[in-house]
Amino acid sequence: MVILKLRKIISFEYLIAFLVSIFFYWHFDFSLLYFVLFLLLPDISMLGYIVNTKVGALFYNIGHSLVMPAILLILGFVTVSTLLLMVSIIWLAHIFLDRALGYGLKYEEAFNKTHLQQIA
């Protein structure tokens, strides 16, 4: 029962982060069309599962870790690059939406084994 409540709180937090990313995307006056077109692009990293679950988990986790888009966000601010800011916000929004829906980083055993399931 406690685990279920904790998961709901975490999902809600990620939903808020998704909405905040949409706010910043809108604040910078970026194209809504690009947002919609590219929101699911990080899911291309699932193609690694064609090889096997180990490669799939590695590729998926690279595409769904907060590290790369956070670095791009910082670089976008430092270099005043509109493109980097737009890409990083869309990428972060994707990750936040996935996590809000319960899709976490993957373990090698199977696609449906995620870090969010391990929260106790």
# chains A, B, ... in the order shown; residues from 1 in each chain; ligands from 1
>>> residues_around(residues="Ala100 in chain A", least_positions_apart="2", cutoff="10 Å", atoms="only C-alpha atoms", output="number ranges by chain")
A: 7-18, 94-98, 102-104
>>> write_last_selection(atoms="C-alpha atoms", output="compact mmCIF listing (two decimals), in the first residue's frame")
# COMPACT_ATOMS: atom_id res chain seq x y z
CA ARG A 7 4.79 5.48 -6.94
CA LYS A 8 1.80 7.78 -7.37
CA ILE A 9 3.70 10.64 -5.73
CA ILE A 10 6.71 10.04 -7.96
CA SER A 11 4.49 9.87 -11.06
CA PHE A 12 2.85 13.13 -10.02
CA GLU A 13 6.25 14.78 -9.55
CA TYR A 14 7.29 13.74 -13.06
CA LEU A 15 3.97 15.00 -14.45
CA ILE A 16 4.70 18.38 -12.86
CA ALA A 17 8.21 18.33 -14.38
CA PHE A 18 6.66 17.54 -17.78
CA HIS A 94 9.89 13.11 -23.14
CA ILE A 95 11.76 11.62 -20.21
CA PHE A 96 9.47 13.30 -17.68
CA LEU A 97 6.38 12.07 -19.52
CA ASP A 98 7.74 8.52 -19.70
CA GLY A 102 5.77 4.59 -15.14
CA TYR A 103 8.44 3.89 -17.75
CA GLY A 104 11.76 3.94 -15.98
>>> residues_around(residues="Ser45 in chain A", least_positions_apart="4", cutoff="12 Å", atoms="only C-alpha atoms", output="PyMOL selection string")
chain A and resi 40-41+49-51+55-65+105-106
>>> write_last_selection(atoms="N, CA, C and O atoms", output="PDB file, in the first residue's frame")
ATOM      1  N   LEU A  40       8.388  12.131 -29.256  1.00  0.00           N
ATOM      2  CA  LEU A  40       8.605  10.687 -29.128  1.00  0.00           C
ATOM      3  C   LEU A  40       9.912  10.205 -29.764  1.00  0.00           C
ATOM      4  O   LEU A  40      10.206   9.011 -29.746  1.00  0.00           O
ATOM      5  N   LEU A  41      10.697  11.123 -30.323  1.00  0.00           N
ATOM      6  CA  LEU A  41      11.948  10.750 -30.983  1.00  0.00           C
ATOM      7  C   LEU A  41      12.911   9.944 -30.096  1.00  0.00           C
ATOM      8  O   LEU A  41      13.530   8.995 -30.582  1.00  0.00           O
ATOM      9  N   TYR A  49      16.681  -3.170 -28.735  1.00  0.00           N
ATOM     10  CA  TYR A  49      16.058  -4.430 -28.330  1.00  0.00           C
ATOM     11  C   TYR A  49      15.957  -5.412 -29.491  1.00  0.00           C
ATOM     12  O   TYR A  49      15.707  -6.598 -29.270  1.00  0.00           O
ATOM     13  N   ILE A  50      16.172  -4.941 -30.704  1.00  0.00           N
ATOM     14  CA  ILE A  50      16.218  -5.855 -31.850  1.00  0.00           C
ATOM     15  C   ILE A  50      17.399  -6.809 -31.705  1.00  0.00           C
ATOM     16  O   ILE A  50      17.319  -7.979 -32.065  1.00  0.00           O
ATOM     17  N   VAL A  51      18.502  -6.307 -31.142  1.00  0.00           N
ATOM     18  CA  VAL A  51      19.710  -7.124 -30.956  1.00  0.00           C
ATOM     19  C   VAL A  51      19.490  -8.103 -29.803  1.00  0.00           C
ATOM     20  O   VAL A  51      19.550  -9.314 -29.989  1.00  0.00           O
ATOM     21  N   VAL A  55      21.696  -5.051 -24.997  1.00  0.00           N
ATOM     22  CA  VAL A  55      21.931  -3.905 -25.879  1.00  0.00           C
ATOM     23  C   VAL A  55      20.728  -2.964 -25.835  1.00  0.00           C
ATOM     24  O   VAL A  55      20.879  -1.740 -25.783  1.00  0.00           O
ATOM     25  N   GLY A  56      19.540  -3.539 -25.817  1.00  0.00           N
ATOM     26  CA  GLY A  56      18.331  -2.734 -25.759  1.00  0.00           C
ATOM     27  C   GLY A  56      18.283  -1.869 -24.523  1.00  0.00           C
ATOM     28  O   GLY A  56      17.966  -0.672 -24.591  1.00  0.00           O
ATOM     29  N   ALA A  57      18.581  -2.464 -23.369  1.00  0.00           N
ATOM     30  CA  ALA A  57      18.574  -1.704 -22.116  1.00  0.00           C
ATOM     31  C   ALA A  57      19.637  -0.606 -22.145  1.00  0.00           C
ATOM     32  O   ALA A  57      19.379   0.519 -21.704  1.00  0.00           O
ATOM     33  N   LEU A  58      20.816  -0.912 -22.673  1.00  0.00           N
ATOM     34  CA  LEU A  58      21.886   0.084 -22.759  1.00  0.00           C
ATOM     35  C   LEU A  58      21.455   1.271 -23.620  1.00  0.00           C
ATOM     36  O   LEU A  58      21.542   2.427 -23.187  1.00  0.00           O
ATOM     37  N   PHE A  59      20.968   0.999 -24.826  1.00  0.00           N
ATOM     38  CA  PHE A  59      20.548   2.078 -25.725  1.00  0.00           C
ATOM     39  C   PHE A  59      19.375   2.860 -25.135  1.00  0.00           C
ATOM     40  O   PHE A  59      19.347   4.082 -25.194  1.00  0.00           O
ATOM     41  N   TYR A  60      18.395   2.139 -24.599  1.00  0.00           N
ATOM     42  CA  TYR A  60      17.223   2.796 -24.024  1.00  0.00           C
ATOM     43  C   TYR A  60      17.645   3.720 -22.881  1.00  0.00           C
ATOM     44  O   TYR A  60      17.195   4.857 -22.796  1.00  0.00           O
ATOM     45  N   ASN A  61      18.502   3.230 -22.005  1.00  0.00           N
ATOM     46  CA  ASN A  61      18.931   4.019 -20.848  1.00  0.00           C
ATOM     47  C   ASN A  61      19.761   5.232 -21.253  1.00  0.00           C
ATOM     48  O   ASN A  61      19.660   6.289 -20.625  1.00  0.00           O
ATOM     49  N   ILE A  62      20.540   5.108 -22.314  1.00  0.00           N
ATOM     50  CA  ILE A  62      21.279   6.271 -22.814  1.00  0.00           C
ATOM     51  C   ILE A  62      20.300   7.324 -23.320  1.00  0.00           C
ATOM     52  O   ILE A  62      20.445   8.511 -23.032  1.00  0.00           O
ATOM     53  N   GLY A  63      19.280   6.880 -24.032  1.00  0.00           N
ATOM     54  CA  GLY A  63      18.295   7.809 -24.576  1.00  0.00           C
ATOM     55  C   GLY A  63      17.310   8.352 -23.557  1.00  0.00           C
ATOM     56  O   GLY A  63      16.627   9.334 -23.818  1.00  0.00           O
ATOM     57  N   HIS A  64      17.235   7.713 -22.394  1.00  0.00           N
ATOM     58  CA  HIS A  64      16.244   8.111 -21.395  1.00  0.00           C
ATOM     59  C   HIS A  64      16.847   8.521 -20.049  1.00  0.00           C
ATOM     60  O   HIS A  64      16.146   8.635 -19.050  1.00  0.00           O
ATOM     61  N   SER A  65      18.131   8.735 -20.034  1.00  0.00           N
ATOM     62  CA  SER A  65      18.792   9.266 -18.847  1.00  0.00           C
ATOM     63  C   SER A  65      18.722  10.789 -18.906  1.00  0.00           C
ATOM     64  O   SER A  65      18.763  11.382 -19.982  1.00  0.00           O
ATOM     65  N   LEU A 105      14.120   3.621 -16.251  1.00  0.00           N
ATOM     66  CA  LEU A 105      15.322   3.065 -16.861  1.00  0.00           C
ATOM     67  C   LEU A 105      15.250   1.548 -16.785  1.00  0.00           C
ATOM     68  O   LEU A 105      14.729   0.979 -15.826  1.00  0.00           O
ATOM     69  N   LYS A 106      15.776   0.889 -17.805  1.00  0.00           N
ATOM     70  CA  LYS A 106      15.587  -0.556 -17.954  1.00  0.00           C
ATOM     71  C   LYS A 106      16.739  -1.364 -17.361  1.00  0.00           C
ATOM     72  O   LYS A 106      17.895  -0.964 -17.416  1.00  0.00           O
TER      73      LYS A 106
END
>>> atom_distance(atom1="CA of Asp43 in chain A", atom2="CA of Ile22 in chain A")
18.6 Å
>>> residues_around(residues="range 68-74 of chain A", least_positions_apart="2", cutoff="8 Å", atoms="only C-alpha atoms", output="PyMOL selection string")
chain A and resi 65-66+76-78+84-85+87-89+91-92
